Every structure is written in structure tokens, then in C-alpha cells.
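*Asks:* Would you mind keeping the following structure in view while I ask a few things?
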Amino acid sequence: MKENIVLIGFMGTGKTTVGKLISEKLGRDFVDSDDYIESRYNMKIKNIFDIHGEEYFRDLERKAIAHLSKKSKLVIATGGGIVLDKTNIDKLREKGTIYLLNGSIDTIKRNLVNSRSNRPLLIQYDWIDKIKSLLSSRKELYFNSADHIINIDNKIPYEISEDIIRLSTI
Ligand code: S3P
């Protein structure tokens with residue numbers, strides 16, 4: 001078994017919730033790359049986007065991933081955009097197995113309806129169109145980056161975490 005369990009996927013697929021459940025069950029440390037960036041730079045993700053722009057955020061994200069991917073025995077939940085740069089995936093794979101949380105637009109919409117204000121890419125009025133366009137431009141990247149694809153539709157986070165634990169201990 002490779003050492004780190006890495007969760008990737010679109011915003012609202014439950015990476016953080018599922019990651020915490022896995023870490024509790026396996027007794028491993030959990031880290032969320034967005035939380036790491038916020039505490040390392042002492043700024044909210046939303047403010048980083050507002051003040052410095054997306055490219056600057058992607059640069060901090062690359063540095064965060066480079067740092068976290070060197071660690072061992074972690075469960076890592078990543079930001080939904082890390083697949084935009086293949087070097088992030090290459091680094092994470094060196095010591096980790098990558099699980100894609102994959103769900104329908106309906107599932108994603110339902111999960112984001114109350115939390116999209118924390119997501120700078122989805123604050124616009126036509127946020128559902130934005131989800132569709134981001135998903136269609138990223139879909140291939142998500143699938144190409146994954147070692148395992150985990151269906152999240154009609155499942156509670158506990159079930160998703162069990163699916164991943166089962167695969168990770170084979
Ligand atoms: C982003 C996803 C967010 C966060 C940032 C950008 C994206 O993380 O990194 O708002 O580009 O998909 P979550 O996937 O945890 O919401």
C-alpha cells in the first residue's frame with residue numbers, strides 16, 4: 001500500500017468530510033490543502049482570490065501540494081482545481097494513491113447550495129452554469145489523474161469512506 005490517501009474531485013464532492021472519516025478510522029493525520037494554505041498564509045481562500053487573483057492562488061496551491069506530498073501516512077483532501085496542473089498530481093502520486101470522488105451535477109449542486117459563498121469560483125449569479133462549464137473542461141483531467149474512481153451519488157459520506165478504506169487495504 002502506498003502511504004498517503006489522496007482525495008481529488010470537484011467542489012462539493014465531500015473530500016473534506018470523507019477524508020476526516022477515513023483518517024479517524026485508520027488513525028492517520030488528516031490535512032486539507034485549502035486549510036493548509038489558509039493557515040500558512042494567514043488568509044482566507046476567498047480573500048486570496050479577491051486580492052491577488054486565481055493565478056496567484058494556483059501558485060500557493062502548487063507550493064502547498066509540493067510540501068504535503070512529501071509527507072507520509074496522511075489522508076489529504078485537495079482543492080478541486082489541483083488537477084489543472086499535472087505536476088501536482090505527479091507529486092501526490094509519488095507517495096500516494098489518488099481517489100476521485102465522482103458525482104452527478106445534481107449531487108454536486110445539492111452539496112453546494114449552502115456553501116458556495118466560500119467558493120470564489122461560484123459566487124456569480126449563474127453558478128450552476130459555471131459548475132457545468134468547469135466540470136466539462138475538467139472532467140478528463142479528473143479521470144486521467146485518478147488511480148480509483150469512487151461513485152458518490154446516493155451515498156452518505158460514511159459509505160464513501162468505507163469504499164475507499166476497502167480499496168486502500170487491498
Ligand atoms: C477550487 C476549489 C476549492 C478551492 C478554490 C478553488 C476549484 O476547493 O481550492 O475555491 O478550482 O475547484 P474545494 O474543492 O475544497 O471546494
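Following the order of the C-alpha cells, chains are lettered A, B, ..., residues in each are numbered from 1, and ligands are numbered from 1.
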Give me the residues near Met43 in chain A as a ChimeraX atom specification, where near means some atom within 12 Å (using only C-alpha atoms) and where sequence neighbours in that chain fewer than 5 positions away do not count.

*Replies:* /A:34-38,48-52,57,60

*Asks:* Just all heavy atoms for this one: save the residues we selected as an mmCIF file, in the first residue's frame.

*Replies:*
```cif
data_model
loop_
_atom_site.group_PDB
_atom_site.id
_atom_site.type_symbol
_atom_site.label_atom_id
_atom_site.label_comp_id
_atom_site.auth_asym_id
_atom_site.auth_seq_id
_atom_site.Cartn_x
_atom_site.Cartn_y
_atom_site.Cartn_z
ATOM 1 N N ASP A 34 -6.622 23.309 1.183
ATOM 2 C CA ASP A 34 -7.107 24.690 1.326
ATOM 3 C C ASP A 34 -6.886 25.213 2.754
ATOM 4 O O ASP A 34 -6.475 26.361 2.942
ATOM 5 C CB ASP A 34 -8.605 24.790 0.983
ATOM 6 C CG ASP A 34 -8.856 24.745 -0.513
ATOM 7 O OD1 ASP A 34 -7.925 25.016 -1.290
ATOM 8 O OD2 ASP A 34 -9.995 24.442 -0.908
ATOM 9 N N ASP A 35 -7.151 24.351 3.759
ATOM 10 C CA ASP A 35 -6.916 24.764 5.156
ATOM 11 C C ASP A 35 -5.425 25.036 5.380
ATOM 12 O O ASP A 35 -5.054 25.971 6.089
ATOM 13 C CB ASP A 35 -7.345 23.665 6.145
ATOM 14 C CG ASP A 35 -8.856 23.496 6.172
ATOM 15 O OD1 ASP A 35 -9.559 24.369 5.634
ATOM 16 O OD2 ASP A 35 -9.320 22.477 6.722
ATOM 17 N N TYR A 36 -4.595 24.176 4.770
ATOM 18 C CA TYR A 36 -3.152 24.368 4.913
ATOM 19 C C TYR A 36 -2.751 25.738 4.349
ATOM 20 O O TYR A 36 -2.005 26.496 4.983
ATOM 21 C CB TYR A 36 -2.394 23.244 4.186
ATOM 22 C CG TYR A 36 -0.908 23.467 4.179
ATOM 23 C CD1 TYR A 36 -0.121 23.121 5.275
ATOM 24 C CD2 TYR A 36 -0.290 24.072 3.086
ATOM 25 C CE1 TYR A 36 1.244 23.364 5.285
ATOM 26 C CE2 TYR A 36 1.075 24.310 3.082
ATOM 27 C CZ TYR A 36 1.834 23.962 4.179
ATOM 28 O OH TYR A 36 3.177 24.215 4.192
ATOM 29 N N ILE A 37 -3.276 26.083 3.173
ATOM 30 C CA ILE A 37 -2.943 27.375 2.544
ATOM 31 C C ILE A 37 -3.439 28.524 3.435
ATOM 32 O O ILE A 37 -2.708 29.481 3.692
ATOM 33 C CB ILE A 37 -3.570 27.466 1.125
ATOM 34 C CG1 ILE A 37 -2.906 26.467 0.193
ATOM 35 C CG2 ILE A 37 -3.463 28.895 0.563
ATOM 36 C CD1 ILE A 37 -3.632 26.266 -1.145
ATOM 37 N N GLU A 38 -4.662 28.397 3.938
ATOM 38 C CA GLU A 38 -5.226 29.481 4.762
ATOM 39 C C GLU A 38 -4.388 29.709 6.019
ATOM 40 O O GLU A 38 -4.138 30.847 6.401
ATOM 41 C CB GLU A 38 -6.687 29.177 5.137
ATOM 42 C CG GLU A 38 -7.617 29.280 3.940
ATOM 43 C CD GLU A 38 -9.107 29.221 4.305
ATOM 44 O OE1 GLU A 38 -9.449 28.745 5.409
ATOM 45 O OE2 GLU A 38 -9.925 29.657 3.466
ATOM 46 N N ILE A 48 -7.730 35.548 -0.890
ATOM 47 C CA ILE A 48 -6.581 35.365 -1.799
ATOM 48 C C ILE A 48 -7.052 35.590 -3.238
ATOM 49 O O ILE A 48 -6.410 36.305 -4.018
ATOM 50 C CB ILE A 48 -5.958 33.956 -1.635
ATOM 51 C CG1 ILE A 48 -5.446 33.754 -0.206
ATOM 52 C CG2 ILE A 48 -4.829 33.753 -2.661
ATOM 53 C CD1 ILE A 48 -4.928 32.344 0.106
ATOM 54 N N PHE A 49 -8.196 35.008 -3.598
ATOM 55 C CA PHE A 49 -8.744 35.201 -4.952
ATOM 56 C C PHE A 49 -9.084 36.675 -5.184
ATOM 57 O O PHE A 49 -8.750 37.239 -6.228
ATOM 58 C CB PHE A 49 -10.025 34.368 -5.146
ATOM 59 C CG PHE A 49 -9.810 32.994 -5.712
ATOM 60 C CD1 PHE A 49 -9.309 31.967 -4.932
ATOM 61 C CD2 PHE A 49 -10.129 32.703 -7.044
ATOM 62 C CE1 PHE A 49 -9.142 30.687 -5.440
ATOM 63 C CE2 PHE A 49 -9.955 31.426 -7.570
ATOM 64 C CZ PHE A 49 -9.461 30.416 -6.758
ATOM 65 N N ASP A 50 -9.773 37.295 -4.198
ATOM 66 C CA ASP A 50 -10.233 38.680 -4.389
ATOM 67 C C ASP A 50 -9.071 39.645 -4.536
ATOM 68 O O ASP A 50 -9.090 40.550 -5.367
ATOM 69 C CB ASP A 50 -11.081 39.137 -3.182
ATOM 70 C CG ASP A 50 -12.451 38.467 -3.179
ATOM 71 O OD1 ASP A 50 -12.789 37.825 -4.194
ATOM 72 O OD2 ASP A 50 -13.168 38.578 -2.165
ATOM 73 N N ILE A 51 -8.062 39.455 -3.704
ATOM 74 C CA ILE A 51 -6.973 40.447 -3.663
ATOM 75 C C ILE A 51 -5.900 40.156 -4.719
ATOM 76 O O ILE A 51 -5.434 41.056 -5.409
ATOM 77 C CB ILE A 51 -6.346 40.500 -2.248
ATOM 78 C CG1 ILE A 51 -7.412 40.980 -1.248
ATOM 79 C CG2 ILE A 51 -5.117 41.411 -2.208
ATOM 80 C CD1 ILE A 51 -7.042 40.814 0.211
ATOM 81 N N HIS A 52 -5.544 38.867 -4.845
ATOM 82 C CA HIS A 52 -4.394 38.538 -5.703
ATOM 83 C C HIS A 52 -4.767 37.829 -7.003
ATOM 84 O O HIS A 52 -3.940 37.728 -7.905
ATOM 85 C CB HIS A 52 -3.407 37.647 -4.943
ATOM 86 C CG HIS A 52 -2.855 38.274 -3.707
ATOM 87 N ND1 HIS A 52 -1.947 39.308 -3.732
ATOM 88 C CD2 HIS A 52 -3.089 38.017 -2.391
ATOM 89 C CE1 HIS A 52 -1.641 39.661 -2.487
ATOM 90 N NE2 HIS A 52 -2.325 38.887 -1.663
ATOM 91 N N PHE A 57 -3.315 32.300 -6.443
ATOM 92 C CA PHE A 57 -3.789 31.180 -5.619
ATOM 93 C C PHE A 57 -3.216 29.855 -6.131
ATOM 94 O O PHE A 57 -2.767 29.014 -5.352
ATOM 95 C CB PHE A 57 -5.328 31.117 -5.609
ATOM 96 C CG PHE A 57 -5.847 29.845 -4.981
ATOM 97 C CD1 PHE A 57 -5.828 29.656 -3.616
ATOM 98 C CD2 PHE A 57 -6.334 28.804 -5.796
ATOM 99 C CE1 PHE A 57 -6.274 28.461 -3.044
ATOM 100 C CE2 PHE A 57 -6.782 27.617 -5.233
ATOM 101 C CZ PHE A 57 -6.750 27.443 -3.850
ATOM 102 N N LEU A 60 0.245 29.328 -4.880
ATOM 103 C CA LEU A 60 0.280 28.901 -3.466
ATOM 104 C C LEU A 60 -0.151 27.440 -3.343
ATOM 105 O O LEU A 60 0.395 26.669 -2.553
ATOM 106 C CB LEU A 60 -0.638 29.779 -2.604
ATOM 107 C CG LEU A 60 -0.354 31.273 -2.557
ATOM 108 C CD1 LEU A 60 -1.232 31.928 -1.484
ATOM 109 C CD2 LEU A 60 1.112 31.567 -2.275
#
```

*Asks:* Could you give me, as CSV, a per-residue list for range 79-105 of chain A showing, wherever an atom lies at most 12 Å from an atom of range 109-113 of chain A, the closest pair of atoms and their distance in Å to one decimal, using only C-alpha atoms and sorting by chain then residue number from low to high?

*Replies:*
```
residue,atom,partner,partner_atom,distance
A:Gly103,CA,A:Lys109,CA,10.0
A:Ser104,CA,A:Lys109,CA,8.6
A:Ile105,CA,A:Lys109,CA,6.0
```

*Asks:* List every residue of chain A that DSSP, applied to the backbone, labels as alpha helix (DSSP H), and write the result as number ranges by chain.

*Replies:* A: 15-26, 33-41, 45-52, 54-68, 86-95, 105-112, 127-145, 157-168

*Asks:* Show me which residues are within 10 Å of ligand 1 counting only C-alpha atoms and all ligand atoms, and format the list as a ChimeraX atom specification.

*Replies:* /A:8-16,32-35,37,44-46,48-49,54,57-58,61,77-84,112,115-122,131,134-135,138

*Asks:* Just the residues within 10 Å of Ile152 in chain A, please, counting only C-alpha atoms, with nothing from its chain fewer than 4 positions along; format it as a PyMOL selection string.

*Replies:* chain A and resi 13-14+100-104+107-108+156-157+159-161+163
